[in-house]
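Heads up, the thing below is written out as structure tokens.
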Amino acid sequence: MAVKITDECIACEACESECPVAAILADGNEKNPKDGILYVKPESCVECVDHADAPRCAEACPTVGAIVWDMPYTTDFSAYYSSRHQSGDYKIREHKSKGLMLPEIKSQKFRPEISMSIREAYGNVSEF
């Protein structure tokens, strides 16, 4: 995943159209497990690597603290995403033949220059 949207989100949808990989779901989308805010599909987000110099969603967002860093969607964090899927925090897509699209099925690109301490603290994306 790499970025996530917090409860600070005002559901203005400015970020949704900026995502080059359609990883952001609007409030009310049946695949969005959150109420009142937008949602980043962790199995789809690539932090705009190969698309822009920084995550375009954060550049478009008018609300400070609404878009934060999360763990990379890699096999190192598979247990993290699996447990948060089970708790309902994330709603990871389930493929008909491959099953739950956890990082061991398809990991995603991420920005290695963002430290783990920043990710663990859910640092504001627009500050980096």
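Chain labels A, B, ... are given in the sequence in which chains occur in the structure tokens; within each chain residues are numbered consecutively from 1, and ligands are likewise numbered from 1 in the order shown.
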Test item, alpha helix (DSSP H) assignment across chain A, answer as a short mmCIF file (atom, residue, chain, number, x, y, z; two decimals) with all heavy atoms, in the first residue's frame:
```cif
data_model
loop_
_atom_site.label_atom_id
_atom_site.label_comp_id
_atom_site.auth_asym_id
_atom_site.auth_seq_id
_atom_site.Cartn_x
_atom_site.Cartn_y
_atom_site.Cartn_z
N ARG A 56 0.64 11.68 -5.94
CA ARG A 56 -0.24 12.73 -6.48
C ARG A 56 -1.47 12.96 -5.62
O ARG A 56 -2.01 14.06 -5.58
CB ARG A 56 -0.61 12.40 -7.92
CG ARG A 56 0.61 12.55 -8.82
CD ARG A 56 0.48 12.07 -10.22
NE ARG A 56 -0.82 12.23 -10.85
CZ ARG A 56 -1.13 11.69 -12.01
NH1 ARG A 56 -0.26 10.98 -12.68
NH2 ARG A 56 -2.33 11.87 -12.52
N CYS A 57 -1.92 11.94 -4.92
CA CYS A 57 -3.09 12.10 -4.05
C CYS A 57 -2.84 13.15 -2.98
O CYS A 57 -3.68 13.99 -2.71
CB CYS A 57 -3.50 10.77 -3.42
SG CYS A 57 -2.19 9.95 -2.46
N ALA A 58 -1.64 13.09 -2.38
CA ALA A 58 -1.31 14.05 -1.32
C ALA A 58 -1.16 15.46 -1.87
O ALA A 58 -1.52 16.43 -1.19
CB ALA A 58 -0.03 13.62 -0.62
N GLU A 59 -0.66 15.57 -3.08
CA GLU A 59 -0.54 16.90 -3.70
C GLU A 59 -1.91 17.52 -3.94
O GLU A 59 -2.07 18.73 -3.87
CB GLU A 59 0.24 16.80 -5.01
CG GLU A 59 1.71 16.47 -4.80
CD GLU A 59 2.47 16.29 -6.11
OE1 GLU A 59 1.84 16.22 -7.18
OE2 GLU A 59 3.71 16.21 -6.04
N ALA A 60 -2.90 16.70 -4.23
CA ALA A 60 -4.25 17.20 -4.51
C ALA A 60 -5.09 17.42 -3.26
O ALA A 60 -6.06 18.17 -3.29
CB ALA A 60 -4.97 16.22 -5.43
N SER A 78 3.49 -8.78 4.92
CA SER A 78 2.32 -9.58 4.61
C SER A 78 1.46 -9.83 5.85
O SER A 78 0.23 -9.71 5.80
CB SER A 78 2.73 -10.91 3.98
OG SER A 78 1.61 -11.58 3.49
N ALA A 79 2.08 -10.17 6.98
CA ALA A 79 1.32 -10.41 8.21
C ALA A 79 0.60 -9.15 8.67
O ALA A 79 -0.54 -9.21 9.15
CB ALA A 79 2.25 -10.92 9.32
N TYR A 80 1.23 -8.00 8.50
CA TYR A 80 0.63 -6.71 8.85
C TYR A 80 -0.67 -6.51 8.07
O TYR A 80 -1.72 -6.20 8.64
CB TYR A 80 1.64 -5.60 8.53
CG TYR A 80 1.12 -4.19 8.59
CD1 TYR A 80 1.11 -3.49 9.79
CD2 TYR A 80 0.68 -3.52 7.45
CE1 TYR A 80 0.67 -2.18 9.86
CE2 TYR A 80 0.24 -2.21 7.51
CZ TYR A 80 0.23 -1.55 8.71
OH TYR A 80 -0.22 -0.25 8.77
N TYR A 81 -0.60 -6.71 6.74
CA TYR A 81 -1.79 -6.50 5.91
C TYR A 81 -2.84 -7.60 6.11
O TYR A 81 -4.03 -7.32 6.10
CB TYR A 81 -1.40 -6.35 4.43
CG TYR A 81 -0.80 -4.99 4.18
CD1 TYR A 81 0.57 -4.83 4.01
CD2 TYR A 81 -1.59 -3.86 4.17
CE1 TYR A 81 1.12 -3.57 3.81
CE2 TYR A 81 -1.05 -2.60 3.98
CZ TYR A 81 0.30 -2.46 3.80
OH TYR A 81 0.83 -1.21 3.62
N SER A 82 -2.39 -8.80 6.32
CA SER A 82 -3.34 -9.90 6.56
C SER A 82 -4.13 -9.65 7.84
O SER A 82 -5.37 -9.78 7.84
CB SER A 82 -2.58 -11.22 6.67
OG SER A 82 -3.46 -12.27 6.94
N SER A 83 -3.45 -9.27 8.92
CA SER A 83 -4.16 -9.04 10.18
C SER A 83 -5.10 -7.84 10.09
O SER A 83 -6.20 -7.88 10.62
CB SER A 83 -3.17 -8.86 11.33
OG SER A 83 -2.44 -7.66 11.19
N ARG A 84 -4.71 -6.82 9.37
CA ARG A 84 -5.58 -5.65 9.23
C ARG A 84 -6.74 -5.91 8.28
O ARG A 84 -7.79 -5.30 8.39
CB ARG A 84 -4.75 -4.43 8.83
CG ARG A 84 -4.04 -3.87 10.06
CD ARG A 84 -2.94 -2.92 9.74
NE ARG A 84 -2.36 -2.33 10.94
CZ ARG A 84 -1.55 -2.97 11.78
NH1 ARG A 84 -1.24 -4.22 11.58
NH2 ARG A 84 -1.06 -2.35 12.84
N HIS A 85 -6.55 -6.83 7.37
CA HIS A 85 -7.67 -7.26 6.52
C HIS A 85 -8.68 -8.02 7.38
O HIS A 85 -9.89 -7.78 7.30
CB HIS A 85 -7.18 -8.14 5.37
CG HIS A 85 -8.27 -8.78 4.58
ND1 HIS A 85 -9.01 -8.09 3.65
CD2 HIS A 85 -8.76 -10.04 4.61
CE1 HIS A 85 -9.91 -8.89 3.13
NE2 HIS A 85 -9.78 -10.09 3.69
N GLN A 86 -8.18 -8.91 8.21
CA GLN A 86 -9.06 -9.70 9.08
C GLN A 86 -9.82 -8.84 10.07
O GLN A 86 -10.96 -9.12 10.41
CB GLN A 86 -8.26 -10.78 9.80
CG GLN A 86 -7.76 -11.86 8.87
CD GLN A 86 -6.82 -12.84 9.55
OE1 GLN A 86 -6.49 -12.71 10.72
NE2 GLN A 86 -6.36 -13.83 8.79
N SER A 87 -9.18 -7.75 10.53
CA SER A 87 -9.84 -6.86 11.49
C SER A 87 -10.82 -5.89 10.82
O SER A 87 -11.57 -5.21 11.51
CB SER A 87 -8.79 -6.06 12.27
OG SER A 87 -8.20 -5.07 11.45
N MET A 116 11.30 3.60 7.82
CA MET A 116 10.32 2.79 8.54
C MET A 116 9.77 3.55 9.74
O MET A 116 8.59 3.41 10.07
CB MET A 116 10.92 1.46 8.99
CG MET A 116 11.06 0.44 7.90
SD MET A 116 9.45 0.02 7.16
CE MET A 116 9.78 0.45 5.47
N SER A 117 10.58 4.37 10.38
CA SER A 117 10.07 5.13 11.53
C SER A 117 8.99 6.13 11.10
O SER A 117 8.01 6.32 11.82
CB SER A 117 11.21 5.85 12.26
OG SER A 117 11.86 6.77 11.42
N ILE A 118 9.14 6.72 9.94
CA ILE A 118 8.11 7.63 9.42
C ILE A 118 6.86 6.84 9.07
O ILE A 118 5.75 7.26 9.39
CB ILE A 118 8.63 8.42 8.21
CG1 ILE A 118 9.69 9.42 8.66
CG2 ILE A 118 7.50 9.13 7.46
CD1 ILE A 118 10.45 10.09 7.55
N ARG A 119 7.03 5.69 8.46
CA ARG A 119 5.89 4.85 8.10
C ARG A 119 5.16 4.36 9.36
O ARG A 119 3.94 4.38 9.42
CB ARG A 119 6.32 3.69 7.22
CG ARG A 119 6.76 4.13 5.83
CD ARG A 119 7.27 2.96 5.02
NE ARG A 119 7.78 3.36 3.73
CZ ARG A 119 7.03 3.59 2.65
NH1 ARG A 119 5.73 3.46 2.71
NH2 ARG A 119 7.57 3.96 1.52
N GLU A 120 5.91 3.91 10.34
CA GLU A 120 5.31 3.41 11.58
C GLU A 120 4.54 4.50 12.31
O GLU A 120 3.55 4.23 12.98
CB GLU A 120 6.38 2.82 12.49
CG GLU A 120 6.92 1.50 11.96
CD GLU A 120 8.17 1.03 12.68
OE1 GLU A 120 8.75 1.80 13.49
OE2 GLU A 120 8.58 -0.12 12.42
#
```
Using only C-alpha atoms, what does the table of region 20-96 of chain A residues within 10 Å of region 2-12 of chain A look like, with each row giving the shortest atom pair and its distance in Å to one decimal, sorted by chain and ascending number, as a Markdown table?
```
| residue | atom | partner | partner_atom | distance |
| --- | --- | --- | --- | --- |
| A:Ile24 | CA | A:Ile5 | CA | 9.2 |
| A:Ala26 | CA | A:Ala11 | CA | 7.4 |
| A:Asp27 | CA | A:Ala11 | CA | 6.7 |
| A:Lys34 | CA | A:Asp7 | CA | 9.2 |
| A:Asp35 | CA | A:Asp7 | CA | 9.3 |
| A:Gly36 | CA | A:Ala11 | CA | 6.5 |
| A:Ile37 | CA | A:Ala11 | CA | 5.0 |
| A:Leu38 | CA | A:Ala11 | CA | 5.9 |
| A:Tyr39 | CA | A:Ile5 | CA | 6.0 |
| A:Val40 | CA | A:Lys4 | CA | 5.6 |
| A:Lys41 | CA | A:Lys4 | CA | 8.4 |
| A:Pro42 | CA | A:Ala2 | CA | 7.2 |
| A:Glu43 | CA | A:Ala2 | CA | 9.5 |
| A:Ser44 | CA | A:Ala2 | CA | 9.6 |
| A:Cys45 | CA | A:Ala2 | CA | 6.6 |
| A:Val46 | CA | A:Ala2 | CA | 7.1 |
| A:Glu47 | CA | A:Ala2 | CA | 6.1 |
| A:Cys48 | CA | A:Ala2 | CA | 9.9 |
| A:Pro55 | CA | A:Val3 | CA | 8.4 |
| A:Cys57 | CA | A:Val3 | CA | 9.3 |
| A:Ala58 | CA | A:Val3 | CA | 9.2 |
| A:Cys61 | CA | A:Cys12 | CA | 8.4 |
| A:Pro62 | CA | A:Cys12 | CA | 8.6 |
| A:Thr63 | CA | A:Cys9 | CA | 6.7 |
| A:Val64 | CA | A:Glu8 | CA | 7.7 |
| A:Gly65 | CA | A:Glu8 | CA | 6.3 |
| A:Ala66 | CA | A:Glu8 | CA | 4.7 |
| A:Ile67 | CA | A:Ile5 | CA | 4.6 |
| A:Val68 | CA | A:Val3 | CA | 5.4 |
| A:Trp69 | CA | A:Val3 | CA | 4.4 |
| A:Asp70 | CA | A:Ala2 | CA | 4.5 |
| A:Met71 | CA | A:Ala2 | CA | 5.2 |
| A:Pro72 | CA | A:Ala2 | CA | 4.7 |
| A:Tyr73 | CA | A:Ala2 | CA | 6.4 |
| A:Thr74 | CA | A:Ala2 | CA | 9.6 |
| A:Tyr90 | CA | A:Lys4 | CA | 9.9 |
```
Notebook entry, point to check: Hey, what does DSSP flag as strand (DSSP E or B) within chain A? Can you give it to me as a PyMOL selection string?
Noted result: chain A and resi 3-5+24-25+39-40+67-69+94-95+99-100+124
Note to self: Which residue is closest to Asp53 (chain A)? Choose from A:Arg111, A:Glu127, A:Gly28, A:Asp76 and count only C-alpha atoms.
What the structure shows: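 Using only C-alpha atoms, the shortest distance to Asp53 (chain A) belongs to A:Arg111.
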Checklist line | Spatial neighbours of Pro20 (chain A), 8 Å, only C-alpha atoms, chain gap at least 3 places, as an MDAnalysis selection string | finding: chainID A and resid 17 23 48 51
Item checked: d(CA of Glu104 (chain A), CA of Asp89 (chain A)) in Å -> 19.3 Å
